[in-house]
Amino acid sequence: MDLKLGHYNKDGIEVVDVEGEIDVYTAPRLRELLIDLVNKKNYQLVVNMEKVEFLDSTGLGVLVGGLKRVRAHDGSLDLVCTQERILKIFRITGLTKVFGIHDSVDLAIAAKKAEK
Amino acid sequence: MATVEVTFTPLPAHVRTARLVATAVARRSGVDESLLDEVRLAVGEACSRAVEAHRKHCPRAPIRVALTDDTERFEVVVTDAAPTEAPAEAMSAELAPSFKTPAADGAPHQLPPEVGLAVISGLADDVRVMAAEGGTSIAMSWKRRTGSA
């Protein structure tokens, strides 16, 4: 399956819905979207990965790049993911220590608000 | 002799094809269903790494993926023709610390290629990185169910 992207604002936080496969072929589209959102001054991001079927290190690189961009503006980028096969790659690379990973969009938003 | 061999030009779009073929052959070879996601991801990582290396050094040269199941293991060997960039040293890298410091500008477009190798080493039962034919071969293997064709 190819990559489908969407985004919406909820309670002042930009939620990015990602569906399909994030790999060396499709990751540039996600990167462009994250850069575009940051350029439009969205520094509080939640990437919903519940419908992601495949994620490789290229996709991880895009997420890390997005995280660095929002952090440069004192923002944050959290993830929503409960799929074990996707979480595994975050654990292997140690990135579970870097990203906030939540079970739902609502929980991710609540966690961001609690940080403020 | 390889059970199945795939050769492709170094385009990102073809990595998905290689993943799909590897997963299909692994399933037919008797690799446990619970490991197929790991085969898919590891082969994708090896092919992505090869594609990036070829795009830098030899964009016209093909990448070869050989899949064999003639032993008790299912083995995938991804061979590129790009000059070696000392890949083996990062096989067990702990990668998180380098991402903790925010960058004011110039956030990376992609992680270093060593990340892909670290992922592969975390997924395959056995991984070997070898110099081969002017490039690099990454051999990964998984156990097959006994009695599988």
# chains A, B, ... in the order shown; residues from 1 in each chain; ligands from 1
call {"tool": "residues_around", "arguments": {"residues": "Ala66 in chain B", "least_positions_apart": "6", "cutoff": "12 Å", "atoms": "only C-alpha atoms", "output": "ChimeraX atom specification"}}
result
/B:1-8,18,21-22,25-26,43,47,74-80,137-141
call {"tool": "write_last_selection", "arguments": {"atoms": "N, CA and C atoms", "output": "JSON list (two decimals), in the first residue's frame"}}
result
[["chain", "number", "residue", "atom", "x", "y", "z"],
["B", 1, "MET", "N", 23.13, -22.83, -5.28],
["B", 1, "MET", "CA", 22.43, -21.95, -6.21],
["B", 1, "MET", "C", 21.23, -21.30, -5.51],
["B", 2, "ALA", "N", 21.01, -20.01, -5.79],
["B", 2, "ALA", "CA", 19.91, -19.30, -5.15],
["B", 2, "ALA", "C", 18.57, -19.89, -5.57],
["B", 3, "THR", "N", 17.64, -19.99, -4.63],
["B", 3, "THR", "CA", 16.29, -20.42, -4.95],
["B", 3, "THR", "C", 15.60, -19.38, -5.83],
["B", 4, "VAL", "N", 15.74, -18.14, -5.39],
["B", 4, "VAL", "CA", 15.18, -17.02, -6.16],
["B", 4, "VAL", "C", 16.23, -15.91, -6.16],
["B", 5, "GLU", "N", 16.39, -15.27, -7.31],
["B", 5, "GLU", "CA", 17.31, -14.14, -7.38],
["B", 5, "GLU", "C", 16.61, -12.96, -8.03],
["B", 6, "VAL", "N", 16.75, -11.80, -7.42],
["B", 6, "VAL", "CA", 16.13, -10.57, -7.93],
["B", 6, "VAL", "C", 17.23, -9.57, -8.20],
["B", 7, "THR", "N", 17.20, -8.96, -9.37],
["B", 7, "THR", "CA", 18.15, -7.89, -9.68],
["B", 7, "THR", "C", 17.35, -6.66, -10.04],
["B", 8, "PHE", "N", 17.71, -5.52, -9.45],
["B", 8, "PHE", "CA", 16.94, -4.31, -9.75],
["B", 8, "PHE", "C", 17.83, -3.08, -9.84],
["B", 18, "ALA", "N", 11.37, -5.77, -3.79],
["B", 18, "ALA", "CA", 12.31, -6.73, -3.19],
["B", 18, "ALA", "C", 11.78, -7.24, -1.85],
["B", 21, "VAL", "N", 8.96, -9.79, -2.53],
["B", 21, "VAL", "CA", 9.49, -11.07, -3.01],
["B", 21, "VAL", "C", 10.12, -11.83, -1.84],
["B", 22, "ALA", "N", 10.92, -11.15, -1.04],
["B", 22, "ALA", "CA", 11.59, -11.80, 0.08],
["B", 22, "ALA", "C", 10.58, -12.40, 1.05],
["B", 25, "VAL", "N", 8.95, -15.53, -0.57],
["B", 25, "VAL", "CA", 9.84, -16.69, -0.62],
["B", 25, "VAL", "C", 10.09, -17.23, 0.79],
["B", 26, "ALA", "N", 10.21, -16.32, 1.75],
["B", 26, "ALA", "CA", 10.40, -16.76, 3.14],
["B", 26, "ALA", "C", 9.22, -17.60, 3.61],
["B", 43, "VAL", "N", 15.22, -7.06, 5.03],
["B", 43, "VAL", "CA", 15.56, -7.03, 3.60],
["B", 43, "VAL", "C", 15.35, -5.62, 3.05],
["B", 47, "CYS", "N", 18.25, -3.38, 1.31],
["B", 47, "CYS", "CA", 18.06, -2.87, -0.05],
["B", 47, "CYS", "C", 18.09, -1.33, -0.07],
["B", 74, "PHE", "N", 16.83, -20.08, 6.07],
["B", 74, "PHE", "CA", 16.47, -19.24, 4.93],
["B", 74, "PHE", "C", 17.44, -18.06, 4.93],
["B", 75, "GLU", "N", 18.16, -17.90, 3.82],
["B", 75, "GLU", "CA", 19.18, -16.85, 3.79],
["B", 75, "GLU", "C", 18.90, -15.85, 2.67],
["B", 76, "VAL", "N", 19.09, -14.59, 2.98],
["B", 76, "VAL", "CA", 18.97, -13.52, 1.99],
["B", 76, "VAL", "C", 20.30, -12.80, 1.93],
["B", 77, "VAL", "N", 20.83, -12.66, 0.72],
["B", 77, "VAL", "CA", 22.09, -11.92, 0.53],
["B", 77, "VAL", "C", 21.82, -10.76, -0.41],
["B", 78, "VAL", "N", 22.03, -9.55, 0.09],
["B", 78, "VAL", "CA", 21.86, -8.34, -0.72],
["B", 78, "VAL", "C", 23.26, -7.83, -1.06],
["B", 79, "THR", "N", 23.55, -7.76, -2.36],
["B", 79, "THR", "CA", 24.89, -7.38, -2.80],
["B", 79, "THR", "C", 24.84, -6.11, -3.62],
["B", 80, "ASP", "N", 25.66, -5.14, -3.21],
["B", 80, "ASP", "CA", 25.76, -3.90, -3.99],
["B", 80, "ASP", "C", 27.12, -3.82, -4.65],
["B", 137, "SER", "N", 28.32, -7.19, 0.52],
["B", 137, "SER", "CA", 27.20, -8.14, 0.64],
["B", 137, "SER", "C", 26.75, -8.17, 2.09],
["B", 138, "ILE", "N", 25.45, -8.11, 2.28],
["B", 138, "ILE", "CA", 24.87, -8.30, 3.61],
["B", 138, "ILE", "C", 24.08, -9.60, 3.57],
["B", 139, "ALA", "N", 24.51, -10.56, 4.35],
["B", 139, "ALA", "CA", 23.83, -11.86, 4.40],
["B", 139, "ALA", "C", 23.06, -11.96, 5.71],
["B", 140, "MET", "N", 21.78, -12.30, 5.59],
["B", 140, "MET", "CA", 20.90, -12.41, 6.77],
["B", 140, "MET", "C", 20.22, -13.76, 6.70],
["B", 141, "SER", "N", 20.04, -14.39, 7.84],
["B", 141, "SER", "CA", 19.35, -15.68, 7.78],
["B", 141, "SER", "C", 18.41, -15.86, 8.96]]
call {"tool": "residues_around", "arguments": {"residues": "Pro83 in chain B", "least_positions_apart": "6", "cutoff": "10 Å", "atoms": "only C-alpha atoms", "output": "number ranges by chain"}}
result
B: 53-54, 56-58, 131, 133-136
call {"tool": "interface_residues", "arguments": {"of": "chain A", "to": "chain B", "cutoff": "7 Å", "atoms": "only C-alpha atoms", "output": "number ranges by chain"}}
result
A: 24-25, 56-58, 61-62, 65, 68-69, 71-72, 89, 92-95, 97-98
call {"tool": "write_last_selection", "arguments": {"atoms": "C-alpha atoms", "output": "mmCIF file, in the first residue's frame"}}
result
data_model
loop_
_atom_site.group_PDB
_atom_site.id
_atom_site.type_symbol
_atom_site.label_atom_id
_atom_site.label_comp_id
_atom_site.auth_asym_id
_atom_site.auth_seq_id
_atom_site.Cartn_x
_atom_site.Cartn_y
_atom_site.Cartn_z
ATOM 1 C CA VAL A 24 12.816 4.971 1.227
ATOM 2 C CA TYR A 25 10.299 5.617 -1.583
ATOM 3 C CA ASP A 56 11.950 1.492 8.090
ATOM 4 C CA SER A 57 14.975 3.530 9.137
ATOM 5 C CA THR A 58 14.336 6.070 6.382
ATOM 6 C CA GLY A 61 15.008 9.533 9.965
ATOM 7 C CA VAL A 62 12.109 11.674 8.807
ATOM 8 C CA GLY A 65 14.252 15.271 11.507
ATOM 9 C CA LYS A 68 14.666 18.281 15.726
ATOM 10 C CA ARG A 69 12.853 20.966 13.767
ATOM 11 C CA ARG A 71 12.483 21.267 19.246
ATOM 12 C CA ALA A 72 14.408 24.136 17.705
ATOM 13 C CA ILE A 89 11.994 -0.727 15.276
ATOM 14 C CA ILE A 92 15.865 -1.661 18.401
ATOM 15 C CA THR A 93 17.195 1.815 17.661
ATOM 16 C CA GLY A 94 16.664 3.162 21.174
ATOM 17 C CA LEU A 95 14.264 5.809 19.893
ATOM 18 C CA LYS A 97 13.736 7.171 24.752
ATOM 19 C CA VAL A 98 13.497 10.077 22.335
#
call {"tool": "atom_distance", "arguments": {"atom1": "CA of Lys4 in chain A", "atom2": "CA of Arg29 in chain A"}}
result
9.4 Å
call {"tool": "select_by_dssp", "arguments": {"residues": "chain A", "states": "strand (DSSP E)", "output": "PyMOL selection string"}}
result
chain A and resi 4-10+13-22+44-55+76-80+100-102
call {"tool": "residues_around", "arguments": {"residues": "Asp36 in chain A", "least_positions_apart": "3", "cutoff": "12 Å", "atoms": "only C-alpha atoms", "output": "list in words"}}
result
His7, Glu14, Val16, Arg29, Leu30, Arg31, Glu32, Leu33, Asn39, Lys40, Lys41, Asn42, Tyr43, Gly66, Arg69 and Val70 of chain A
call {"tool": "write_last_selection", "arguments": {"atoms": "C-alpha atoms", "output": "mmCIF file, in the first residue's frame"}}
result
data_model
loop_
_atom_site.group_PDB
_atom_site.id
_atom_site.type_symbol
_atom_site.label_atom_id
_atom_site.label_comp_id
_atom_site.auth_asym_id
_atom_site.auth_seq_id
_atom_site.Cartn_x
_atom_site.Cartn_y
_atom_site.Cartn_z
ATOM 1 C CA HIS A 7 -3.598 16.507 9.065
ATOM 2 C CA GLU A 14 -1.507 19.591 14.763
ATOM 3 C CA VAL A 16 -0.784 14.150 11.289
ATOM 4 C CA ARG A 29 6.397 12.972 1.191
ATOM 5 C CA LEU A 30 6.082 12.750 4.970
ATOM 6 C CA ARG A 31 9.250 14.817 5.345
ATOM 7 C CA GLU A 32 7.816 17.525 3.081
ATOM 8 C CA LEU A 33 4.587 17.626 5.086
ATOM 9 C CA ASN A 39 7.260 26.423 8.332
ATOM 10 C CA LYS A 40 3.643 27.375 9.065
ATOM 11 C CA LYS A 41 4.561 27.674 12.756
ATOM 12 C CA ASN A 42 3.046 24.397 13.944
ATOM 13 C CA TYR A 43 5.492 23.346 16.639
ATOM 14 C CA GLY A 66 10.759 16.534 12.341
ATOM 15 C CA ARG A 69 12.853 20.966 13.767
ATOM 16 C CA VAL A 70 10.061 21.434 16.312
#
call {"tool": "atom_distance", "arguments": {"atom1": "CA of Ser29 in chain B", "atom2": "CA of Thr68 in chain B"}}
result
8.6 Å
